[in-house]
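Student: Just target-v4.tsv, nothing more (TSV, C-alpha atoms):
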```
chain	number	residue	atom	x	y	z
A	1	PHE	CA	31.43	-36.17	-54.12
A	2	LEU	CA	32.83	-33.59	-56.55
A	3	ALA	CA	34.47	-31.51	-53.83
A	4	ALA	CA	36.19	-34.52	-52.28
A	5	ILE	CA	37.65	-35.65	-55.63
A	6	MET	CA	38.85	-32.12	-56.46
A	7	LYS	CA	40.37	-31.77	-52.99
A	8	VAL	CA	42.35	-35.00	-53.30
A	9	PHE	CA	43.33	-34.99	-56.98
A	10	GLN	CA	43.19	-31.27	-57.89
A	11	THR	CA	41.81	-32.05	-61.35
A	12	ASN	CA	38.34	-32.55	-62.77
A	13	TRP	CA	39.60	-35.37	-65.01
A	14	MET	CA	39.56	-37.69	-62.01
A	15	ILE	CA	35.83	-37.01	-61.66
A	16	VAL	CA	35.32	-38.54	-65.11
A	17	VAL	CA	37.67	-41.45	-64.35
A	18	ILE	CA	35.87	-42.28	-61.10
A	19	GLN	CA	32.48	-41.96	-62.80
A	20	ILE	CA	33.65	-44.40	-65.49
A	21	ILE	CA	34.66	-46.81	-62.72
A	22	LEU	CA	31.23	-46.39	-61.11
A	23	GLY	CA	29.65	-46.85	-64.53
A	24	SER	CA	31.47	-50.18	-64.75
A	25	VAL	CA	30.05	-51.24	-61.39
A	26	ILE	CA	26.44	-50.49	-62.41
A	27	PRO	CA	26.14	-53.50	-64.82
A	28	VAL	CA	27.36	-55.81	-62.03
A	29	PHE	CA	24.70	-54.39	-59.70
A	30	ALA	CA	22.11	-54.65	-62.47
A	31	LYS	CA	22.90	-58.34	-62.95
A	32	ARG	CA	22.48	-58.98	-59.22
A	33	ILE	CA	19.13	-57.19	-59.09
A	34	GLY	CA	18.01	-58.91	-62.29
A	35	GLN	CA	18.77	-62.27	-60.69
A	36	TYR	CA	16.50	-61.45	-57.74
A	37	ILE	CA	13.64	-60.14	-59.90
A	38	LEU	CA	13.10	-63.25	-62.00
A	39	ALA	CA	15.48	-65.88	-60.54
A	40	ASN	CA	16.88	-66.60	-63.98
A	41	GLU	CA	20.67	-66.53	-64.37
A	42	LYS	CA	20.62	-66.17	-68.16
A	43	ILE	CA	18.21	-63.22	-68.06
A	44	ALA	CA	20.24	-61.61	-65.27
A	45	LEU	CA	23.42	-61.97	-67.35
A	46	ALA	CA	21.67	-60.45	-70.37
A	47	VAL	CA	20.54	-57.52	-68.20
A	48	GLY	CA	24.11	-56.97	-66.98
A	49	ILE	CA	25.46	-57.02	-70.55
A	50	PHE	CA	22.79	-54.56	-71.66
A	51	PHE	CA	23.76	-52.11	-68.91
A	52	ALA	CA	27.41	-52.45	-69.91
A	53	ILE	CA	26.76	-51.38	-73.53
A	54	GLU	CA	23.65	-49.17	-73.36
A	55	PRO	CA	24.77	-45.96	-75.18
A	56	LEU	CA	23.09	-43.39	-72.93
A	57	LEU	CA	24.37	-44.93	-69.70
A	58	VAL	CA	27.89	-45.15	-71.12
A	59	ASP	CA	27.67	-41.53	-72.29
A	60	LEU	CA	26.42	-40.29	-68.91
A	61	SER	CA	29.44	-41.80	-67.14
A	62	GLY	CA	31.67	-39.32	-68.99
A	63	VAL	CA	29.84	-36.11	-68.07
A	64	MET	CA	29.50	-34.28	-64.78
A	65	LEU	CA	25.88	-35.05	-63.94
A	66	THR	CA	24.37	-36.78	-60.92
A	67	GLN	CA	23.11	-39.78	-62.89
A	68	THR	CA	26.04	-42.22	-62.56
A	69	LEU	CA	26.62	-41.58	-58.86
A	70	PHE	CA	22.88	-41.77	-58.18
A	71	LEU	CA	22.41	-45.07	-60.02
A	72	THR	CA	25.37	-46.65	-58.24
A	73	ILE	CA	24.03	-45.71	-54.81
A	74	PHE	CA	20.40	-46.44	-55.69
A	75	PHE	CA	21.18	-49.88	-57.14
A	76	GLY	CA	23.27	-50.58	-54.03
A	77	SER	CA	20.19	-49.76	-51.93
A	78	LEU	CA	18.05	-52.14	-54.02
A	79	ILE	CA	20.59	-54.96	-53.65
A	80	ALA	CA	20.60	-54.52	-49.86
A	81	LEU	CA	16.79	-54.52	-49.89
A	82	CYS	CA	16.74	-57.72	-51.95
A	83	LYS	CA	19.13	-59.34	-49.49
A	84	TYR	CA	16.82	-58.37	-46.64
A	85	LEU	CA	13.85	-59.92	-48.43
A	86	GLU	CA	15.87	-63.13	-48.80
A	87	ASN	CA	17.19	-63.52	-45.25
A	88	GLU	CA	15.25	-60.91	-43.19
A	89	LYS	CA	18.45	-59.67	-41.54
A	90	PHE	CA	17.89	-56.14	-40.27
A	91	TYR	CA	21.39	-54.91	-41.10
A	92	HIS	CA	20.57	-55.38	-44.79
A	93	LEU	CA	17.45	-53.25	-44.40
A	94	ALA	CA	19.46	-50.65	-42.50
A	95	ALA	CA	22.10	-50.61	-45.26
A	96	SER	CA	19.33	-50.14	-47.82
A	97	ALA	CA	17.98	-47.19	-45.82
A	98	VAL	CA	21.40	-45.52	-45.56
A	99	LEU	CA	22.03	-45.88	-49.28
A	100	LEU	CA	18.51	-44.72	-50.19
A	101	GLY	CA	19.04	-41.63	-48.04
A	102	LEU	CA	22.34	-40.89	-49.79
A	103	ALA	CA	20.72	-41.51	-53.19
A	104	THR	CA	18.00	-39.03	-52.27
A	105	LEU	CA	20.59	-36.41	-51.34
A	106	THR	CA	22.14	-37.03	-54.76
A	107	ARG	CA	18.84	-36.77	-56.61
A	108	PRO	CA	15.71	-35.85	-54.60
A	109	VAL	CA	13.49	-37.83	-56.97
A	110	THR	CA	13.53	-40.74	-54.48
A	111	GLN	CA	12.52	-38.65	-51.45
A	112	TYR	CA	9.08	-40.33	-51.21
A	113	LEU	CA	10.09	-43.81	-52.34
A	114	TRP	CA	10.33	-45.01	-48.74
A	115	VAL	CA	6.51	-44.78	-48.53
A	116	PHE	CA	6.17	-47.24	-51.42
A	117	ILE	CA	8.86	-49.54	-50.04
A	118	VAL	CA	7.24	-49.68	-46.58
A	119	ALA	CA	3.89	-50.43	-48.24
A	120	PHE	CA	5.61	-53.21	-50.19
A	121	LEU	CA	7.17	-54.60	-46.98
A	122	PHE	CA	3.77	-54.79	-45.32
A	123	TRP	CA	2.47	-56.62	-48.40
A	124	ARG	CA	5.51	-58.94	-48.37
A	125	PHE	CA	5.04	-59.88	-44.69
A	126	ARG	CA	1.23	-59.62	-44.69
A	127	LYS	CA	0.86	-63.20	-43.47
A	128	LYS	CA	3.29	-62.76	-40.58
A	129	ILE	CA	3.15	-59.12	-39.52
A	130	SER	CA	4.84	-58.89	-36.13
A	131	ALA	CA	6.18	-56.31	-33.72
A	132	ARG	CA	9.66	-57.08	-35.07
A	133	MET	CA	8.61	-56.36	-38.65
A	134	ILE	CA	6.89	-53.12	-37.61
A	135	TRP	CA	9.85	-51.76	-35.66
A	136	GLN	CA	12.19	-52.67	-38.50
A	137	SER	CA	10.00	-50.70	-40.91
A	138	VAL	CA	9.96	-47.76	-38.50
A	139	ALA	CA	13.75	-47.98	-38.15
A	140	PHE	CA	14.07	-48.06	-41.96
A	141	VAL	CA	12.18	-44.76	-42.21
A	142	ALA	CA	14.04	-43.26	-39.22
A	143	ILE	CA	17.44	-43.99	-40.77
A	144	ILE	CA	16.43	-42.32	-44.04
A	145	LEU	CA	15.13	-39.26	-42.19
A	146	ALA	CA	18.34	-39.13	-40.14
A	147	ILE	CA	20.37	-39.03	-43.36
A	148	LEU	CA	18.16	-36.27	-44.79
A	149	SER	CA	17.67	-34.28	-41.59
A	150	PRO	CA	20.78	-32.02	-41.82
A	151	TRP	CA	19.65	-30.73	-45.22
A	152	LEU	CA	16.03	-30.45	-44.08
A	153	TYR	CA	17.19	-28.47	-41.03
A	154	ARG	CA	19.38	-26.23	-43.17
A	155	ASN	CA	16.50	-25.40	-45.52
A	156	ALA	CA	14.10	-24.86	-42.63
A	157	LYS	CA	16.53	-22.44	-41.01
A	158	ILE	CA	17.37	-20.50	-44.18
A	159	PHE	CA	14.10	-20.66	-46.13
A	160	GLY	CA	11.57	-21.51	-43.42
A	161	ALA	CA	10.63	-24.70	-45.25
A	162	PRO	CA	11.86	-28.17	-44.15
A	163	ALA	CA	12.00	-29.55	-47.69
A	164	LEU	CA	14.82	-31.05	-49.73
A	165	ALA	CA	14.33	-29.07	-52.92
A	166	VAL	CA	11.84	-27.15	-55.07
A	167	THR	CA	11.95	-29.75	-57.83
A	168	LYS	CA	8.24	-30.54	-57.61
A	169	VAL	CA	7.25	-26.88	-57.97
A	170	THR	CA	9.73	-26.10	-60.74
A	171	ASN	CA	8.46	-29.11	-62.66
A	172	LEU	CA	4.84	-28.08	-62.18
A	173	PHE	CA	5.36	-24.42	-63.00
A	174	GLY	CA	8.17	-24.66	-65.53
A	175	TYR	CA	7.28	-27.83	-67.43
A	176	PHE	CA	3.86	-29.28	-66.68
A	177	VAL	CA	1.74	-26.12	-67.05
A	178	PRO	CA	3.53	-24.95	-70.25
A	179	SER	CA	3.10	-28.49	-71.62
A	180	ILE	CA	-0.65	-28.31	-70.95
A	181	LEU	CA	-0.87	-24.93	-72.66
A	182	ALA	CA	1.18	-26.19	-75.62
A	183	LEU	CA	-1.16	-29.13	-76.14
A	184	GLU	CA	-4.29	-27.04	-75.58
A	185	ASN	CA	-3.26	-24.28	-77.98
A	186	ASN	CA	-1.42	-26.52	-80.48
A	187	THR	CA	1.80	-24.52	-80.08
A	188	SER	CA	5.37	-25.41	-79.20
A	189	TYR	CA	6.39	-25.97	-75.60
A	190	THR	CA	8.93	-23.12	-75.76
A	191	LYS	CA	6.39	-20.63	-77.08
A	192	SER	CA	3.82	-21.63	-74.47
A	193	ARG	CA	6.37	-21.50	-71.67
A	194	ASP	CA	7.60	-18.02	-72.66
A	195	LYS	CA	4.04	-16.69	-72.90
A	196	PHE	CA	3.09	-18.22	-69.54
A	197	PHE	CA	6.19	-16.83	-67.83
A	198	GLN	CA	5.47	-13.40	-69.30
A	199	GLU	CA	1.91	-13.49	-67.98
A	200	GLU	CA	3.20	-14.50	-64.55
A	201	ASN	CA	5.97	-11.88	-64.69
A	202	VAL	CA	8.65	-14.53	-64.22
A	203	PRO	CA	11.96	-14.42	-66.15
A	204	ASP	CA	12.72	-18.14	-65.65
A	205	ILE	CA	12.28	-20.95	-63.13
A	206	THR	CA	15.42	-19.99	-61.20
A	207	VAL	CA	13.35	-17.40	-59.31
A	208	ILE	CA	11.57	-20.27	-57.52
A	209	ASN	CA	13.00	-21.12	-54.12
A	210	LEU	CA	11.72	-22.70	-50.94
A	211	LYS	CA	10.49	-19.36	-49.62
A	212	ASN	CA	8.22	-18.59	-52.55
A	213	ALA	CA	7.56	-22.16	-53.75
A	214	ARG	CA	4.07	-22.24	-52.24
A	215	HIS	CA	3.00	-19.23	-54.33
A	216	TYR	CA	4.16	-20.78	-57.60
A	217	GLU	CA	2.64	-24.12	-56.67
A	218	GLN	CA	-0.73	-22.46	-56.12
A	219	ARG	CA	-0.44	-20.62	-59.44
A	220	SER	CA	0.36	-23.92	-61.14
A	221	TRP	CA	-2.63	-25.74	-59.69
A	222	LEU	CA	-4.89	-22.86	-60.67
A	223	LYS	CA	-3.84	-23.28	-64.30
A	224	ILE	CA	-4.13	-27.06	-64.11
A	225	LYS	CA	-7.72	-26.80	-62.81
A	226	GLN	CA	-8.56	-24.56	-65.76
A	227	HIS	CA	-7.25	-27.15	-68.24
A	228	LYS	CA	-8.11	-30.50	-66.62
A	229	VAL	CA	-8.62	-32.46	-69.85
A	230	ALA	CA	-5.34	-31.22	-71.31
A	231	ALA	CA	-3.62	-32.10	-68.02
A	232	VAL	CA	-4.81	-35.70	-68.26
A	233	LYS	CA	-3.63	-35.87	-71.88
A	234	VAL	CA	-0.20	-34.50	-70.95
A	235	ILE	CA	0.13	-37.05	-68.14
A	236	ALA	CA	-0.66	-39.83	-70.62
A	237	LEU	CA	1.79	-38.47	-73.19
A	238	THR	CA	4.45	-37.96	-70.52
A	239	THR	CA	4.09	-41.57	-69.39
A	240	VAL	CA	4.45	-42.84	-72.98
A	241	SER	CA	7.45	-40.59	-73.58
A	242	PHE	CA	8.97	-41.57	-70.23
A	243	LEU	CA	8.86	-45.24	-71.20
A	244	THR	CA	9.95	-44.84	-74.82
A	245	HIS	CA	12.37	-41.88	-74.93
A	246	ASP	CA	15.77	-42.97	-76.26
A	247	GLY	CA	18.09	-40.05	-75.45
A	248	TYR	CA	20.36	-40.96	-78.35
A	249	LEU	CA	20.33	-37.50	-79.94
A	250	GLY	CA	22.41	-36.26	-77.01
A	251	VAL	CA	24.73	-39.25	-77.33
A	252	ALA	CA	25.24	-38.54	-81.05
A	253	GLN	CA	25.96	-34.89	-80.32
A	254	ASP	CA	28.51	-35.80	-77.65
A	255	LEU	CA	30.23	-37.98	-80.27
A	256	GLY	CA	30.41	-35.04	-82.68
A	257	TYR	CA	27.39	-35.86	-84.85
A	258	LEU	CA	24.31	-33.67	-85.32
A	259	THR	CA	26.13	-30.88	-83.48
A	260	ASP	CA	24.01	-28.26	-85.25
A	261	GLY	CA	20.93	-29.87	-83.81
A	262	ALA	CA	18.39	-32.19	-85.33
A	263	PRO	CA	14.64	-32.27	-85.59
A	264	SER	CA	13.25	-33.92	-82.50
A	265	LEU	CA	10.35	-36.34	-82.47
A	266	PRO	CA	8.54	-35.93	-79.15
A	267	VAL	CA	5.29	-37.77	-78.63
A	268	PHE	CA	3.18	-34.61	-78.54
A	269	LYS	CA	4.31	-33.65	-82.06
A	270	ILE	CA	3.15	-37.01	-83.36
A	271	ILE	CA	-0.25	-36.41	-81.75
A	272	GLN	CA	-0.54	-32.79	-82.86
A	273	SER	CA	0.56	-33.34	-86.44
A	274	PRO	CA	1.19	-36.83	-87.85
A	275	LYS	CA	2.16	-35.21	-91.16
A	276	LEU	CA	4.87	-33.13	-89.48
A	277	ALA	CA	6.03	-36.23	-87.60
A	278	LEU	CA	6.49	-38.09	-90.91
A	279	GLN	CA	8.45	-35.16	-92.36
A	280	ILE	CA	10.73	-35.06	-89.31
A	281	THR	CA	11.21	-38.83	-89.45
A	282	GLY	CA	12.11	-38.62	-93.15
A	283	LYS	CA	14.81	-36.01	-92.45
A	284	LEU	CA	16.24	-38.06	-89.60
A	285	ILE	CA	16.41	-41.27	-91.67
A	286	LYS	CA	18.48	-39.49	-94.33
A	287	SER	CA	21.09	-38.34	-91.79
A	288	PRO	CA	23.07	-39.71	-88.84
A	289	GLY	CA	19.89	-38.88	-86.96
A	290	ILE	CA	18.64	-42.30	-87.98
A	291	VAL	CA	20.05	-43.48	-84.64
A	292	VAL	CA	17.36	-41.36	-82.98
A	293	VAL	CA	14.62	-43.08	-85.00
A	294	LEU	CA	16.09	-46.53	-84.39
A	295	GLY	CA	16.55	-45.72	-80.71
A	296	ARG	CA	12.92	-44.66	-80.35
A	297	ILE	CA	11.72	-47.78	-82.19
A	298	PHE	CA	13.93	-49.95	-79.97
A	299	TRP	CA	12.48	-48.51	-76.76
A	300	ILE	CA	8.91	-48.72	-78.03
A	301	ILE	CA	9.41	-52.43	-78.77
A	302	THR	CA	11.22	-52.91	-75.45
A	303	THR	CA	8.37	-51.26	-73.55
A	304	ILE	CA	5.80	-53.49	-75.24
A	305	LEU	CA	7.90	-56.56	-74.46
A	306	ALA	CA	8.35	-55.41	-70.84
A	307	ILE	CA	4.58	-55.05	-70.37
A	308	ALA	CA	4.08	-58.50	-71.90
A	309	GLY	CA	6.91	-59.89	-69.75
A	310	ALA	CA	5.40	-58.49	-66.54
A	311	ILE	CA	2.01	-60.02	-67.39
A	312	LEU	CA	3.63	-63.37	-68.22
A	313	ALA	CA	5.71	-63.29	-65.02
A	314	ILE	CA	2.57	-62.76	-62.94
A	315	LYS	CA	0.73	-65.47	-64.90
A	316	ASN	CA	3.53	-68.04	-64.65
A	317	LYS	CA	5.13	-67.17	-61.30
A	318	GLY	CA	2.30	-65.46	-59.44
A	319	TRP	CA	2.71	-62.31	-57.36
A	320	GLN	CA	6.29	-63.02	-56.30
A	321	ASN	CA	8.41	-60.60	-54.30
A	322	GLY	CA	10.67	-59.65	-57.20
A	323	THR	CA	7.75	-58.90	-59.52
A	324	MET	CA	5.89	-56.87	-56.91
A	325	LEU	CA	8.98	-54.89	-55.91
A	326	SER	CA	9.67	-54.11	-59.57
A	327	LEU	CA	6.12	-52.97	-60.28
A	328	THR	CA	6.09	-50.89	-57.08
A	329	ILE	CA	9.23	-48.97	-58.03
A	330	ILE	CA	8.13	-48.58	-61.67
A	331	ALA	CA	4.81	-47.13	-60.47
A	332	TYR	CA	6.63	-44.69	-58.18
A	333	PHE	CA	8.85	-43.29	-60.92
A	334	ILE	CA	5.97	-43.05	-63.40
A	335	LEU	CA	3.95	-41.06	-60.84
A	336	THR	CA	6.80	-38.72	-59.89
A	337	THR	CA	7.68	-38.10	-63.54
A	338	ALA	CA	4.10	-37.29	-64.60
A	339	ILE	CA	4.50	-33.60	-63.68
A	340	VAL	CA	7.61	-33.17	-65.81
A	341	GLY	CA	5.43	-32.92	-68.91
A	342	LEU	CA	7.22	-32.39	-72.20
A	343	GLY	CA	10.49	-31.87	-70.33
A	344	VAL	CA	10.84	-35.61	-69.75
A	345	THR	CA	13.98	-37.29	-71.14
A	346	ALA	CA	15.47	-40.77	-71.14
A	347	ARG	CA	17.54	-39.86	-68.06
A	348	TYR	CA	14.38	-39.93	-65.95
A	349	ARG	CA	13.85	-43.60	-66.84
A	350	GLN	CA	17.36	-44.81	-65.96
A	351	PRO	CA	16.47	-45.99	-62.41
A	352	ILE	CA	13.78	-48.38	-63.70
A	353	ASN	CA	15.54	-49.61	-66.85
A	354	ILE	CA	16.70	-52.56	-64.77
A	355	PHE	CA	13.08	-53.72	-64.39
A	356	ILE	CA	11.97	-52.85	-67.92
A	357	ILE	CA	14.87	-54.75	-69.48
A	358	SER	CA	14.41	-57.71	-67.14
A	359	PHE	CA	10.75	-58.10	-68.06
A	360	ALA	CA	11.52	-57.57	-71.76
A	361	PHE	CA	14.11	-60.37	-71.72
A	362	TYR	CA	11.66	-62.55	-69.82
A	363	ALA	CA	9.07	-62.03	-72.59
A	364	ILE	CA	11.66	-62.88	-75.24
A	365	ASN	CA	12.62	-66.01	-73.31
A	366	ARG	CA	8.98	-67.10	-73.02
A	367	ILE	CA	8.44	-66.50	-76.74
A	368	ARG	CA	11.52	-68.60	-77.49
A	369	ILE	CA	10.30	-71.41	-75.22
A	370	ARG	CA	6.85	-71.32	-76.79
A	371	LYS	CA	8.34	-71.40	-80.28
A	372	ASN	CA	10.44	-74.48	-79.37
A	373	GLN	CA	7.39	-76.19	-77.93
A	374	LEU	CA	5.41	-75.57	-81.11
A	375	SER	CA	8.29	-76.88	-83.22
A	376	GLN	CA	8.49	-80.07	-81.13
A	377	ASN	CA	4.73	-80.58	-81.38
A	378	LYS	CA	4.92	-80.31	-85.17
A	379	LYS	CA	7.68	-82.91	-85.29
A	380	ILE	CA	5.62	-85.26	-83.13
```
For this file, produce the structure as C-alpha cells.
Tutor:
Amino acid sequence: FLAAIMKVFQTNWMIVVIQIILGSVIPVFAKRIGQYILANEKIALAVGIFFAIEPLLVDLSGVMLTQTLFLTIFFGSLIALCKYLENEKFYHLAASAVLLGLATLTRPVTQYLWVFIVAFLFWRFRKKISARMIWQSVAFVAIILAILSPWLYRNAKIFGAPALAVTKVTNLFGYFVPSILALENNTSYTKSRDKFFQEENVPDITVINLKNARHYEQRSWLKIKQHKVAAVKVIALTTVSFLTHDGYLGVAQDLGYLTDGAPSLPVFKIIQSPKLALQITGKLIKSPGIVVVLGRIFWIITTILAIAGAILAIKNKGWQNGTMLSLTIIAYFILTTAIVGLGVTARYRQPINIFIISFAFYAINRIRIRKNQLSQNKKI
C-alpha cells in the first residue's frame, strides 16, 4: 500500500491524503454494518455519524499506521459477509474471504477469525446444513489461506516456521508476563519489564523472530504458570481496559497539547493505589488532560450501555444473526487482546467499536422508548 503510493506520487503526503479518503469511507461502511446488526435506520445513521467524528479514528487517518487501511478492508469484509447472510450468494462470501485475507496481511490480529466465522455460519444454518453450505464454508477458508499462503511460504522458507508473524509471542513475552510481574510485585510495568528482560538476558522484544519464537513462548508460559492468579487478574484488567480505554491523550498530543506528557490513568493503577489514582485524576482535571478523564468516563458509560443494549437486543429480538455475529467478533477480539496485558490501547478496540456503539445506541433508544411509555401512562 505504502510502496504503491510512493511509486506513483513520489511523496508521502499522498499517503495521508489517501488515508483521509479511506477514513471518510469508514463511517459509510459503519452505517451499513450498523443497519444489518439491529435493522434500525436511525441507530445505523447515529453509528455512521459517530465514526465520522470520533477523535481517535480521525487522528489515526492522518498518521502512517495500519489502522485506517485495516479498518477499511475489514469493514468491507464484514459488509460482504452480511450480504451473504441476507441472500446466501456465494460470491459475497468469497468477497468477504478475499477482504479478510487482505485485512489479515495488513494486521495479523484477524488471522484466526475465520474459525469463529465458520462456527457462526454453522450456527446460522444449523437448521438447514447441507453439502452446499459445507463446501461454501470450506471454500471460504481456502480463499483466505490462498491469500495468506505466499507470506506463510516465505516465512517457512526463511525462518522454518509457516506463521504470519511473532505477534503472539512478543505480546506474551514483552507485555503479558511483565504485566503479571508488575501486578504481583506492585511495581510499574516498565520496571517489571526491564527486570524480566535482564533476567532473561534480552535487550528488547526485537530479538524475537520466527526462528526463536518457540523458546520465548515456552519461557513466557513458564512464568505464567508460576503466577496463575496474577495472570487471571491481568486478563480481567486487560479486558476492562480494552473496552474502556479512550486513547485521547495521544490525540491531544498530536494536536500540540500535553506534549511534555501527562499522568496516565491505567486500570491497574486504580487497583493498585486508589489514592494515587485520585491524585492523577486531580492533576488531569486541572489541565487540558481533562479530555483524557472525560474520554475514559465516556467509554466506561458506553461500555455499560453496550452490555445493556446487547442484553436488551437478545431479550427483545432473540438470537438474531446480527446480534450473534456481533457477539462472536467481540468475543474474538477480547480473547486475542487478553495477552497484550498493560500494553493494550484504544487502537486494539477499533475493529469492534462498530458493535459496541450500535448496542449502546440501542440501549439509549430503548430507554427513550420506555421513558415515553411511562410518560403516556402517567397522562392516562
Student: For a test of reading the model, state the distance in Å between atom CA of Ala182 of chain A and atom CA of Glu200 of chain A, rounded to one decimal.
Tutor: 16.2 Å
Student: Select, from A:Arg219, A:Arg349, A:Arg366, A:Lys31, the residue with the minimum atom-to-atom distance to Thr239 of chain A, counting all atoms listed in the file.
Tutor: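 Nearest to Thr239 of chain A: A:Arg349.
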Student: How many Å lie between atom CA of Leu22 of chain A and atom CA of Val291 of chain A, rounded to one decimal?
Tutor: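 Taking atom CA of Leu22 of chain A as the start and atom CA of Val291 of chain A as the end point, the length is 26.2 Å.
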Student: Considering only C-alpha atoms, can you say which of A:Asn201, A:Ser96, A:Ser358, A:Thr337 comes closest to Phe176 of chain A?
Tutor: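 The shortest atom-to-atom distance to Phe176 of chain A comes from A:Thr337.
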Student: So how many Å separate atom CA of Lys83 of chain A and atom CA of Ile144 of chain A, to one decimal?
Tutor: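 Answer for the atom CA of Lys83 of chain A to atom CA of Ile144 of chain A separation: 18.1 Å.
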Student: I want to know what sits within 12 Å of Gly62 of chain A, based on all atoms listed in the file, with residues of the same chain fewer than 5 positions away left out; could you give that as an MDAnalysis selection string?
Tutor: chainID A and resid 12:24 55:57 67:69 251 254:255
Student: From the options A:Thr72, A:Leu222, A:Glu54, A:Tyr91, which residue's atoms come nearest to Ala103 of chain A, counting all atoms listed in the file?
Tutor: A:Thr72
Student: Give me the residues near Ile143 of chain A as a tab-separated table (two decimals) with C-alpha atoms, in the frame of the given file, where near means some atom within 8 Å (using all atoms listed in the file) and where sequence neighbours in that chain fewer than 2 positions away do not count.
Tutor:
```
chain	number	residue	atom	x	y	z
A	94	ALA	CA	19.46	-50.65	-42.50
A	97	ALA	CA	17.98	-47.19	-45.82
A	98	VAL	CA	21.40	-45.52	-45.56
A	101	GLY	CA	19.04	-41.63	-48.04
A	139	ALA	CA	13.75	-47.98	-38.15
A	140	PHE	CA	14.07	-48.06	-41.96
A	141	VAL	CA	12.18	-44.76	-42.21
A	145	LEU	CA	15.13	-39.26	-42.19
A	146	ALA	CA	18.34	-39.13	-40.14
A	147	ILE	CA	20.37	-39.03	-43.36
```
Student: Is it possible to get the axis-aligned box enclosing segment 240-258 of chain A (all listed atoms, 8 Å extra per side) as lines of an AutoDock Vina configuration file, with centre and edge lengths in Å rounded to one decimal?
Tutor:
```
center_x = 17.4
center_y = -39.5
center_z = -77.8
size_x = 42.0
size_y = 27.6
size_z = 31.1
```
Student: Counting all atoms listed in the file, which of A:Thr244, A:Phe125, A:Val202, A:Ile354 gets nearest to Ile304 of chain A?
Tutor: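 Closest residue, counting all atoms listed in the file: A:Thr244.
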Student: Looking at A:Asn40, A:Gln136, A:Thr167, A:Gln350, which one is nearest to His245 of chain A, with distances taken over all atoms listed in the file?
Tutor: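 Smallest distance to His245 of chain A is found for A:Gln350.
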Student: Please return, as a list in words, all polymer residues that have at least one atom within 7 Å of the point (7.6, -26.0, -59.2); use all atoms listed in the file and the file's own coordinate frame.
Tutor: Val166, Thr167, Lys168, Val169, Thr170, Asn171, Leu172, Phe173, Gly174, Ala213, Tyr216 and Glu217 of chain A
Student: Ranking A:Gly295, A:Gly34, A:Pro27, A:Gly247 by minimum distance to Ile53 of chain A and counting all atoms listed in the file, which one comes first?
Tutor: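 With all atoms listed in the file as the atom set, the closest residue is A:Pro27.
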Student: Show me, as a list in words, the residues that have an atom within 9 Å of Ile297 of chain A when counting only C-alpha atoms, minus same-chain residues fewer than 4 positions from it.
Tutor: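 Here the answer would be Thr244, Asp246, Val292, Val293, Ile301 and Thr302 of chain A.
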Student: List the neighbours of Pro178 of chain A out to 9 Å using all atoms listed in the file; skip same-chain residues closer than 5 positions along the sequence, and give me the result as a PDB file with C-alpha atoms, in the coordinates of the input.
Tutor:
```pdb
ATOM      1  CA  LEU A 172       4.840 -28.080 -62.180  1.00  0.00           C
ATOM      2  CA  PHE A 173       5.360 -24.420 -63.000  1.00  0.00           C
ATOM      3  CA  LEU A 183      -1.160 -29.130 -76.140  1.00  0.00           C
ATOM      4  CA  TYR A 189       6.390 -25.970 -75.600  1.00  0.00           C
ATOM      5  CA  THR A 190       8.930 -23.120 -75.760  1.00  0.00           C
ATOM      6  CA  LYS A 191       6.390 -20.630 -77.080  1.00  0.00           C
ATOM      7  CA  SER A 192       3.820 -21.630 -74.470  1.00  0.00           C
ATOM      8  CA  ARG A 193       6.370 -21.500 -71.670  1.00  0.00           C
ATOM      9  CA  ASP A 194       7.600 -18.020 -72.660  1.00  0.00           C
ATOM     10  CA  LYS A 195       4.040 -16.690 -72.900  1.00  0.00           C
ATOM     11  CA  PHE A 196       3.090 -18.220 -69.540  1.00  0.00           C
ATOM     12  CA  PHE A 197       6.190 -16.830 -67.830  1.00  0.00           C
ATOM     13  CA  GLY A 341       5.430 -32.920 -68.910  1.00  0.00           C
ATOM     14  CA  LEU A 342       7.220 -32.390 -72.200  1.00  0.00           C
TER      15      LEU A 342
END
```
